[in-house]
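This report refers to the structure that appears directly beneath it.
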Amino acid sequence: MTDMIELIAPDAARYDDWSAMLREFRDATTGSRDDHWVCAGGMDGSGFFAGTDVDITPDGFAAYVEDCARQGNTMCPPHTGLVHCSYFWIVDDGALVGHLALRHALNEFLYELGGHIGYSVRPAARGRGIAKEALKLGLAEAAALDIDPVLVCCAQTNGASRAVIESCGGRLEDVREDSRRYWFGDGPRPTGPTA
């Protein structure tokens, strides 16, 4: 059931929910039981990239929430090599079930392989239509920021994400390296990075 899916900004009052969600991602990908580990493959939409040091202690959480807010604040310059990005948590009937990132522009990497929107759903919540509803909400957030068209990418081997993107109306432009590139919206497609 996906009637209660919403996107919320990272919330400093939800440490217990967030740390439980990240532990589930950690357990599914690393086998580690530490609250401090290196993210091997990234958690799409979370701000934790491959090779990122993940700290799910209370102090690490506080720094994470602060950094997410900073990255979305267009009054602050983006981190070196990155673009402004609004981070959201995907919530299903009050429970944290995933991440969604909305990048405000496309640098070279995002234009070629990453896209404007990235998302991931925690393992226990997959297969329930949550990613589809979250992507629809992410597209609405993009429209509110006047981002048109919107590029969404997924790995060639990620059949679930491919199905989500296509069911939401994404139009495949091409495949670059291992990344399928889909466009949403009617605006003119950029021919290169926009940042």
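Identifiers for the structure tokens are assigned positionally: chains receive A, B, ... in sequence, residues are indexed from 1 per chain, and ligands are indexed from 1 in the order shown.
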Taking the chain letters and numbering used in this document, name the residues of range 1-194 of chain A that DSSP puts in alpha helix (DSSP H), as a ChimeraX atom specification. /A:15-29,58-72,108-109,130-144,159-167
Contact table range 39-118 of chain A vs range 8-11 of chain A, cut-off 9 Å, shortest pair per residue, only C-alpha atoms, as a Markdown table:
```
| residue | atom | partner | partner_atom | distance |
| --- | --- | --- | --- | --- |
| A:Tyr64 | CA | A:Pro10 | CA | 8.8 |
| A:Val65 | CA | A:Pro10 | CA | 5.9 |
| A:Glu66 | CA | A:Pro10 | CA | 8.8 |
| A:Cys68 | CA | A:Pro10 | CA | 7.3 |
| A:Ala69 | CA | A:Pro10 | CA | 7.8 |
| A:Ser86 | CA | A:Ala9 | CA | 8.2 |
| A:Tyr87 | CA | A:Ala9 | CA | 6.4 |
| A:Phe88 | CA | A:Ala9 | CA | 4.7 |
| A:Trp89 | CA | A:Ile8 | CA | 5.3 |
| A:Ile90 | CA | A:Ile8 | CA | 6.7 |
| A:Val91 | CA | A:Ile8 | CA | 7.2 |
```
Serialized selection, N, CA, C and O atoms, as a short mmCIF file (atom, residue, chain, number, x, y, z; two decimals), in the first residue's frame:
```cif
data_model
loop_
_atom_site.label_atom_id
_atom_site.label_comp_id
_atom_site.auth_asym_id
_atom_site.auth_seq_id
_atom_site.Cartn_x
_atom_site.Cartn_y
_atom_site.Cartn_z
N TYR A 64 25.26 15.12 9.46
CA TYR A 64 24.60 14.74 8.20
C TYR A 64 23.39 15.64 7.94
O TYR A 64 23.22 16.17 6.84
N VAL A 65 22.52 15.80 8.93
CA VAL A 65 21.32 16.62 8.76
C VAL A 65 21.71 18.06 8.43
O VAL A 65 21.14 18.69 7.53
N GLU A 66 22.71 18.58 9.11
CA GLU A 66 23.18 19.95 8.86
C GLU A 66 23.73 20.07 7.43
O GLU A 66 23.45 21.05 6.73
N CYS A 68 22.99 18.18 4.80
CA CYS A 68 21.89 18.07 3.83
C CYS A 68 21.20 19.42 3.66
O CYS A 68 20.91 19.83 2.53
N ALA A 69 20.92 20.10 4.77
CA ALA A 69 20.28 21.41 4.69
C ALA A 69 21.17 22.42 3.95
O ALA A 69 20.69 23.19 3.12
N SER A 86 18.67 19.13 -3.07
CA SER A 86 17.68 19.02 -2.01
C SER A 86 17.55 17.54 -1.65
O SER A 86 17.24 16.72 -2.52
N TYR A 87 17.81 17.23 -0.38
CA TYR A 87 17.70 15.86 0.09
C TYR A 87 16.38 15.65 0.80
O TYR A 87 15.93 16.52 1.55
N PHE A 88 15.79 14.50 0.55
CA PHE A 88 14.53 14.13 1.18
C PHE A 88 14.63 12.72 1.74
O PHE A 88 15.38 11.89 1.22
N TRP A 89 13.81 12.46 2.74
CA TRP A 89 13.59 11.09 3.18
C TRP A 89 12.23 10.68 2.65
O TRP A 89 11.28 11.47 2.63
N ILE A 90 12.15 9.44 2.20
CA ILE A 90 10.88 8.88 1.74
C ILE A 90 10.20 8.28 2.97
O ILE A 90 10.80 7.49 3.69
N VAL A 91 8.95 8.67 3.18
CA VAL A 91 8.20 8.24 4.35
C VAL A 91 6.94 7.51 3.89
O VAL A 91 6.23 7.99 3.00
#
```
For range 90-182 of chain A against range 71-83 of chain A, with a cut-off of 9 Å and counting only C-alpha atoms, what is the closest atom pair and its distance in Å to one decimal for every residue that makes the cut, ordered by chain and number, as a Markdown table?
```
| residue | atom | partner | partner_atom | distance |
| --- | --- | --- | --- | --- |
| A:Leu102 | CA | A:Gly72 | CA | 8.9 |
| A:Arg103 | CA | A:Val83 | CA | 6.5 |
| A:His104 | CA | A:Val83 | CA | 6.7 |
| A:Ala105 | CA | A:Val83 | CA | 6.2 |
| A:Leu106 | CA | A:Val83 | CA | 7.2 |
| A:Asn107 | CA | A:Val83 | CA | 7.0 |
```
Need the shell around range 109-118 of chain A: protein/DNA/RNA residues with any atom at most 7 Å away, counting only C-alpha atoms. Skip same-chain ones fewer than 6 positions apart. Format as a PyMOL selection string? chain A and resi 44-45+100-103+150-153+176+179+192-193
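Close contacts of range 123-126 of chain A, defined as residues with an atom at most 8 Å away when counting only C-alpha atoms, with chain neighbours fewer than 5 positions off set aside, comprise Glu24, Phe25, Ala28, Val97 and Ala131 of chain A.
Nearest residue to Val164 in chain A, choosing from A:Ala95, A:Ile130, A:Ala143, A:Leu137 and counting only C-alpha atoms: A:Ile130.
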So, counting only C-alpha atoms, which residue among A:His84, A:Arg122, A:Arg23, A:Arg70 is closest to Val54 in chain A? A:Arg23
Can you pull out the residues contacting Asn158 in chain A? Cut-off 10 Å, using only C-alpha atoms, and skip same-chain residues under 5 positions away; I want them as an MDAnalysis selection string. chainID A and resid 163 178:180
File dump, residues just selected, N, CA, C and O atoms, as a short mmCIF file (atom, residue, chain, number, x, y, z; two decimals), in the first residue's frame:
```cif
data_model
loop_
_atom_site.label_atom_id
_atom_site.label_comp_id
_atom_site.auth_asym_id
_atom_site.auth_seq_id
_atom_site.Cartn_x
_atom_site.Cartn_y
_atom_site.Cartn_z
N ALA A 163 12.02 -0.25 -14.42
CA ALA A 163 10.56 -0.37 -14.46
C ALA A 163 9.89 0.83 -13.80
O ALA A 163 8.87 1.34 -14.29
N ASP A 178 27.27 2.19 -18.19
CA ASP A 178 26.25 1.26 -17.70
C ASP A 178 24.99 2.00 -17.26
O ASP A 178 24.17 1.47 -16.55
N SER A 179 24.83 3.25 -17.69
CA SER A 179 23.73 4.08 -17.20
C SER A 179 22.69 4.34 -18.28
O SER A 179 22.99 4.91 -19.32
N ARG A 180 21.45 3.95 -17.97
CA ARG A 180 20.31 4.26 -18.84
C ARG A 180 19.85 5.67 -18.50
O ARG A 180 19.59 5.97 -17.34
#
```
Among listed residues A:Leu22, A:Ala134, A:Ala195, A:Leu139, nearest Ser161 in chain A (using only C-alpha atoms): A:Ala134
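CA of Tyr119 in chain A sits 10.1 Å away from CA of Lys132 in chain A.
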Between CA of Thr194 in chain A and CA of Phe49 in chain A, distance in Å (one decimal): 21.2 Å
Determine which residues of chain A receive a DSSP assignment of strand (DSSP E or B), computed from the backbone, and state them as a VMD selection string. chain A and resid 5 to 8 36 to 38 43 48 53 to 55 85 to 92 95 to 103 115 117 to 121 150 to 155 171 to 176 179 to 184
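Minimum distance to Ile165 in chain A across A:Ala63, A:Leu135, A:Ile56, A:Leu145 (counting only C-alpha atoms) occurs at A:Leu135.
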So which residues touch Arg181 in chain A within 6 Å, counting only C-alpha atoms, skipping near sequence neighbours fewer than 3 positions away, as number ranges by chain? A: 153, 172-175
Would you put the residues from that selection into a file with N, CA, C and O atoms, as a compact mmCIF listing (two decimals), in the first residue's frame?
```txt
# COMPACT_ATOMS: atom_id res chain seq x y z
N CYS A 153 18.52 8.63 -14.15
CA CYS A 153 19.35 7.55 -14.67
C CYS A 153 19.28 6.34 -13.76
O CYS A 153 19.02 6.46 -12.56
N LEU A 172 13.54 7.07 -22.68
CA LEU A 172 14.94 6.68 -22.81
C LEU A 172 15.60 7.47 -23.93
O LEU A 172 15.13 7.46 -25.06
N GLU A 173 16.71 8.14 -23.60
CA GLU A 173 17.50 8.80 -24.63
C GLU A 173 18.59 7.87 -25.13
O GLU A 173 18.74 7.67 -26.32
N ASP A 174 19.36 7.30 -24.18
CA ASP A 174 20.45 6.42 -24.57
C ASP A 174 21.01 5.71 -23.34
O ASP A 174 20.53 5.92 -22.23
N VAL A 175 22.03 4.90 -23.58
CA VAL A 175 22.77 4.23 -22.51
C VAL A 175 24.22 4.67 -22.64
O VAL A 175 24.80 4.57 -23.73
```
